[in-house]
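Note sheet for the following structure.
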Amino acid sequence: MSDVAAIKELVQRYNALRQEIKKIIVGQDDVVEQVLLSVFSGGHALLIGVPGLAKTLLVHTVARTLGLDFKRIQFTPDLMPSDILGSEILDKNRDFKFIKGPIFSNIILADEINRTPPKTQAALLEAMQERAVTVAGHTYKLDRPYFVLATQNPIEQEGTYPLPEAQLDRFMFAINLKYPSFAEEVEVVKTTTIGANPVINPLFSAEEILKYQQLIQKIPVADNVIEYAVTLVGKTRPNSQAAPEIVKKYIDWGAGPRASQNLILSAKTHAAFHGKFSPDIEDVQKVATGILRHRLIKNYKAEAEGLSIEEIIQSLF
């Protein structure tokens with residue numbers, strides 16, 4: 001199959017995937033799109049929202065529709081790295097045997113990731129970056145495709161350990177979940193209180209997802225689009241000459257080169273989902289907020305004046 005035909009097929013299958021997810025998830029269209037952009041770009045996503053907005057259900061539904069293995073890890077203050085990675089035990093022949101932890105799956109839901117201490121958070125770092133884990137000096141490869149979809153509750157700060165910048169930067173997208181509209185909430189209540197149990201059909205296989213990831217990587221990008229993405233990221237750095245006044249005034253720290261890479265990768269995926277054979281500046285702008293949101297650090301002036309990161313990002317366009 002030619003690349004052009006493969007992209008046309010991806011558009012059809014992406015739309016079918018959205019319809020399948022809608023059997024369970026009401027509304028949240030932007031959130032679903034960003035999660036799927038992250039998956040097909042080969043990145044990880046951080047879902048930020050108050051309790052009860054179906055973050056866990058969304059990740060579980062996406063895993064089922066993609067036909068992938070799924071494991072949920074509930075992060076708690078007493079969780080140890082070995083609880084995630086696995087550990088070596090002595091078997092009956094007095095040989096060491098490695099028992100794999102829940103991290104050995106295609107999709108990991110790291111539930112309430114900011115509830116666990118930095119030592120355990122760091123255990124995820126190697127898995128997210130290298131797609132491998134090291135236990136007792138032995139390195140074990142993780143199955144591909146591999147995604148970490150983490151959730152974080154933005155309102156409870158008691159008993160939490162904020163994610164370090166190095167780990168936040170590992171997430172391609174930070175996705176904010178909002179409350180549903182009145183009509184959506186009515187629909188949620190109707191469909192979830194009558195005992196209905198919709199059947200979810202897996203529409204992809206692991207091999208197909210890897211094939212589409214490789215296809216997306218091959219999509220050509222015009223130089224002016226790459227330069228736009230790099231310029232946009234450069235504008236977020238307060239010490240840069242390109243930084244506008246709003247950034248110099250309200251931002252302490254800007255985004256690094258990984259943001260530029262992620263902008264282009266996810267812009268390619270966004271273009272492919274919408275039947276385009278090469279991304280343009282509009283595709284970069286569509287994905288920019290989710291990719292830059294967690295990489296910019298506001299200063300106390302922005303906090304005092306109630307200025308959101310999203311407003312600052314929008315002003316950069």
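For the structure tokens, the naming scheme is as follows: chains receive sequential letters (A, B, ...) according to their order of presentation, residues are indexed from 1 within each chain, and ligands are indexed from 1 in presentation order.
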
Distance query range 115-130 of chain A at most 7 Å, only C-alpha atoms, self and fewer than 5 positions along chain excluded, as number ranges by chain: A: 75-77, 79-81, 148, 159-161, 167

Nearby residues (only C-alpha atoms) at most 12 Å from Tyr228 in chain A, same-chain spacing under 5 positions excluded, as a ChimeraX atom specification: /A:221-223,233-235,260,263-264,267,279-285,288,316-317

Write to file, as a tab-separated table (two decimals), in the first residue's frame, the residues of the selection just made, with C-alpha atoms.
chain	number	residue	atom	x	y	z
A	221	VAL	CA	7.46	18.82	6.75
A	222	ALA	CA	8.21	22.12	4.97
A	223	ASP	CA	11.14	24.13	6.37
A	233	VAL	CA	9.16	27.55	21.39
A	234	GLY	CA	11.95	30.16	21.40
A	235	LYS	CA	9.39	32.85	22.22
A	260	SER	CA	10.00	21.71	19.33
A	263	LEU	CA	5.31	20.09	18.17
A	264	ILE	CA	6.42	18.78	14.77
A	267	ALA	CA	1.51	18.31	14.01
A	279	PRO	CA	1.42	19.56	8.27
A	280	ASP	CA	1.08	23.33	8.02
A	281	ILE	CA	1.33	26.15	10.59
A	282	GLU	CA	-2.33	25.66	11.54
A	283	ASP	CA	-1.57	22.06	12.64
A	284	VAL	CA	1.28	23.32	14.83
A	285	GLN	CA	-1.05	25.88	16.47
A	288	ALA	CA	0.72	23.85	20.72
A	316	LEU	CA	2.37	33.83	21.07
A	317	PHE	CA	0.47	32.88	17.88

Residue with smallest distance to Glu33 in chain A - pool A:Thr269, A:Asn197, A:Gln241, A:Asn114, counting only C-alpha atoms: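 Looking at the shortest contact to Glu33 in chain A, the residue is A:Thr269.
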
Please produce, as a Markdown table, a per-residue contact table for range 241-301 of chain A versus range 34-53 of chain A (criterion: any atom at most 8 Å away, only C-alpha atoms considered), showing the nearest atom pair and its distance in Å to one decimal, sorted by chain then residue number.
| residue | atom | partner | partner_atom | distance |
| --- | --- | --- | --- | --- |
| A:Leu265 | CA | A:Ser41 | CA | 6.2 |
| A:Ser266 | CA | A:Ser41 | CA | 5.8 |
| A:Thr269 | CA | A:Leu37 | CA | 6.1 |
| A:His270 | CA | A:Leu37 | CA | 6.6 |
| A:Val287 | CA | A:Gln34 | CA | 7.9 |
| A:Gly290 | CA | A:Gln34 | CA | 7.7 |

Can you write out the residues you just picked, keeping N, CA and C atoms, as an mmCIF file, in the first residue's frame?
data_model
loop_
_atom_site.group_PDB
_atom_site.id
_atom_site.type_symbol
_atom_site.label_atom_id
_atom_site.label_comp_id
_atom_site.auth_asym_id
_atom_site.auth_seq_id
_atom_site.Cartn_x
_atom_site.Cartn_y
_atom_site.Cartn_z
ATOM 1 N N LEU A 265 6.224 16.494 15.591
ATOM 2 C CA LEU A 265 5.712 15.113 15.542
ATOM 3 C C LEU A 265 4.189 15.081 15.649
ATOM 4 N N SER A 266 3.643 15.824 16.631
ATOM 5 C CA SER A 266 2.194 15.781 16.823
ATOM 6 C C SER A 266 1.467 16.568 15.725
ATOM 7 N N THR A 269 0.969 14.110 13.032
ATOM 8 C CA THR A 269 -0.140 13.195 13.356
ATOM 9 C C THR A 269 -1.471 13.902 13.173
ATOM 10 N N HIS A 270 -1.562 15.157 13.607
ATOM 11 C CA HIS A 270 -2.801 15.931 13.465
ATOM 12 C C HIS A 270 -3.158 16.074 11.980
ATOM 13 N N VAL A 287 -1.933 21.955 18.108
ATOM 14 C CA VAL A 287 -1.378 21.067 19.143
ATOM 15 C C VAL A 287 -0.526 21.817 20.174
ATOM 16 N N GLY A 290 -1.444 22.053 24.284
ATOM 17 C CA GLY A 290 -1.226 20.815 25.044
ATOM 18 C C GLY A 290 0.245 20.477 25.215
#

Closest of A:Gln74, A:Asn201, A:Ser181, A:Thr289 to Gly27 in chain A - atom-to-atom distances counting only C-alpha atoms: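 Using only C-alpha atoms, Gly27 in chain A sits closest to A:Ser181.
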
Among the residues A:Leu232, A:Ile103, A:Ala206, A:Ala150, the one that comes closest to Arg131 in chain A [using only C-alpha atoms]: A:Ile103

Residue set, range 91-180 of chain A restricted to helix (DSSP H, G or I), as a PyMOL selection string: chain A and resi 113-115+118-130+165-168

Proximity to Ile84 in chain A - best of A:Arg237, A:Lys97, A:Lys298, A:Arg72, only C-alpha atoms: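 That would be A:Arg72, the residue with the smallest distance to Ile84 in chain A.
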
Expected answer as a VMD selection string: strand (DSSP E or B) residues in range 66-301 of chain A: chain A and resid 70 to 74 86 to 90 96 to 100 107 to 111 132 to 135 138 to 141 147 to 152 173 to 176 251 to 253 297 to 298

Just write the chosen residues, N, CA and C atoms, as a compact mmCIF listing (two decimals), in the first residue's frame.
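And here is the file that came out, result_22.txt:
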# COMPACT_ATOMS: atom_id res chain seq x y z
N PHE A 70 -3.40 -3.46 28.94
CA PHE A 70 -3.60 -2.28 29.77
C PHE A 70 -3.39 -2.66 31.23
N LYS A 71 -2.62 -1.84 31.94
CA LYS A 71 -2.45 -2.04 33.38
C LYS A 71 -2.64 -0.71 34.08
N ARG A 72 -3.30 -0.75 35.23
CA ARG A 72 -3.53 0.46 36.03
C ARG A 72 -2.69 0.35 37.29
N ILE A 73 -1.91 1.40 37.57
CA ILE A 73 -1.12 1.46 38.81
C ILE A 73 -1.66 2.62 39.63
N GLN A 74 -2.18 2.30 40.81
CA GLN A 74 -2.67 3.36 41.71
C GLN A 74 -1.49 3.86 42.54
N GLY A 86 8.83 -4.62 39.26
CA GLY A 86 8.98 -6.05 39.49
C GLY A 86 10.21 -6.29 40.34
N SER A 87 10.46 -7.53 40.72
CA SER A 87 11.60 -7.83 41.59
C SER A 87 12.09 -9.25 41.33
N GLU A 88 13.31 -9.51 41.82
CA GLU A 88 13.88 -10.85 41.68
C GLU A 88 13.59 -11.65 42.94
N ILE A 89 13.19 -12.91 42.76
CA ILE A 89 12.96 -13.78 43.91
C ILE A 89 13.77 -15.07 43.73
N LEU A 90 13.99 -15.78 44.82
CA LEU A 90 14.66 -17.09 44.75
C LEU A 90 13.61 -18.15 44.49
N PHE A 96 17.82 -17.08 41.00
CA PHE A 96 17.05 -15.85 40.99
C PHE A 96 16.15 -15.80 39.75
N LYS A 97 14.90 -15.46 39.99
CA LYS A 97 13.92 -15.39 38.91
C LYS A 97 13.26 -14.01 38.96
N PHE A 98 13.16 -13.34 37.79
CA PHE A 98 12.56 -12.01 37.75
C PHE A 98 11.05 -12.10 37.55
N ILE A 99 10.31 -11.51 38.48
CA ILE A 99 8.85 -11.43 38.37
C ILE A 99 8.50 -10.03 37.86
N LYS A 100 7.91 -9.97 36.67
CA LYS A 100 7.62 -8.67 36.06
C LYS A 100 6.53 -7.92 36.83
N ILE A 107 -0.14 -0.12 27.54
CA ILE A 107 -0.62 1.17 28.07
C ILE A 107 -0.62 1.09 29.58
N ILE A 108 0.08 2.03 30.21
CA ILE A 108 0.11 2.12 31.67
C ILE A 108 -0.71 3.33 32.09
N LEU A 109 -1.69 3.10 32.94
CA LEU A 109 -2.39 4.22 33.55
C LEU A 109 -1.75 4.47 34.91
N ALA A 110 -1.01 5.56 35.01
CA ALA A 110 -0.37 5.93 36.28
C ALA A 110 -1.35 6.86 37.01
N ASP A 111 -2.20 6.26 37.85
CA ASP A 111 -3.30 7.01 38.46
C ASP A 111 -2.81 7.83 39.65
N ALA A 132 12.57 0.75 28.44
CA ALA A 132 13.25 -0.39 29.08
C ALA A 132 13.35 -0.11 30.57
N VAL A 133 13.52 -1.17 31.38
CA VAL A 133 13.75 -0.98 32.81
C VAL A 133 14.96 -1.80 33.23
N THR A 134 15.66 -1.33 34.26
CA THR A 134 16.83 -2.03 34.78
C THR A 134 16.55 -2.44 36.22
N VAL A 135 16.63 -3.74 36.48
CA VAL A 135 16.41 -4.28 37.82
C VAL A 135 17.57 -5.21 38.14
N HIS A 138 20.13 -5.96 35.44
CA HIS A 138 19.67 -6.52 34.17
C HIS A 138 18.67 -5.56 33.53
N THR A 139 18.81 -5.37 32.21
CA THR A 139 17.89 -4.49 31.49
C THR A 139 16.86 -5.32 30.75
N TYR A 140 15.61 -4.94 30.92
CA TYR A 140 14.50 -5.65 30.28
C TYR A 140 13.78 -4.69 29.36
N LYS A 141 13.63 -5.09 28.10
CA LYS A 141 12.93 -4.26 27.12
C LYS A 141 11.42 -4.35 27.34
N PHE A 147 2.97 3.27 26.14
CA PHE A 147 2.53 4.62 26.51
C PHE A 147 2.26 4.69 27.99
N VAL A 148 2.66 5.80 28.59
CA VAL A 148 2.24 6.10 29.96
C VAL A 148 1.22 7.23 29.88
N LEU A 149 0.03 6.96 30.38
CA LEU A 149 -1.01 7.98 30.48
C LEU A 149 -1.24 8.20 31.97
N ALA A 150 -0.76 9.32 32.47
CA ALA A 150 -0.81 9.58 33.91
C ALA A 150 -1.94 10.54 34.22
N THR A 151 -2.53 10.41 35.41
CA THR A 151 -3.55 11.36 35.84
C THR A 151 -3.06 12.11 37.07
N GLN A 152 -3.57 13.32 37.22
CA GLN A 152 -3.14 14.17 38.32
C GLN A 152 -4.35 15.01 38.76
N PHE A 173 2.06 15.53 25.91
CA PHE A 173 0.90 16.40 26.12
C PHE A 173 0.56 16.49 27.61
N ALA A 174 0.15 17.69 28.04
CA ALA A 174 -0.57 17.84 29.31
C ALA A 174 -1.98 18.26 28.92
N ILE A 175 -2.97 17.46 29.32
CA ILE A 175 -4.34 17.64 28.84
C ILE A 175 -5.23 18.02 30.01
N ASN A 176 -5.86 19.17 29.93
CA ASN A 176 -6.79 19.60 30.98
C ASN A 176 -8.19 19.09 30.68
N ILE A 251 6.74 34.94 32.71
CA ILE A 251 7.26 33.56 32.67
C ILE A 251 8.66 33.51 33.29
N ASP A 252 8.87 32.53 34.18
CA ASP A 252 10.19 32.34 34.79
C ASP A 252 11.06 31.41 33.94
N TRP A 253 10.42 30.42 33.33
CA TRP A 253 11.18 29.39 32.61
C TRP A 253 10.40 28.95 31.39
N ILE A 297 6.80 27.87 33.15
CA ILE A 297 6.59 28.12 34.58
C ILE A 297 6.27 29.59 34.78
N LYS A 298 5.06 29.84 35.29
CA LYS A 298 4.65 31.22 35.54
C LYS A 298 5.36 31.77 36.78

Residue nearest Leu296 in chain A - candidates A:Ala6, A:Glu165, A:Ile113, A:Gln217, atoms counted: only C-alpha atoms: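 Residue with the minimum atom-to-atom distance to Leu296 in chain A: A:Glu165.
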
Atomic separation - CA of Ala54 in chain A relative to CA of Gln12 in chain A, Å: 26.1 Å

Test item: residues at most 12 Å from Thr192 in chain A, only C-alpha atoms, excluding those fewer than 6 positions along its chain, as a PyMOL selection string: chain A and resi 23-26+54+185-186+198
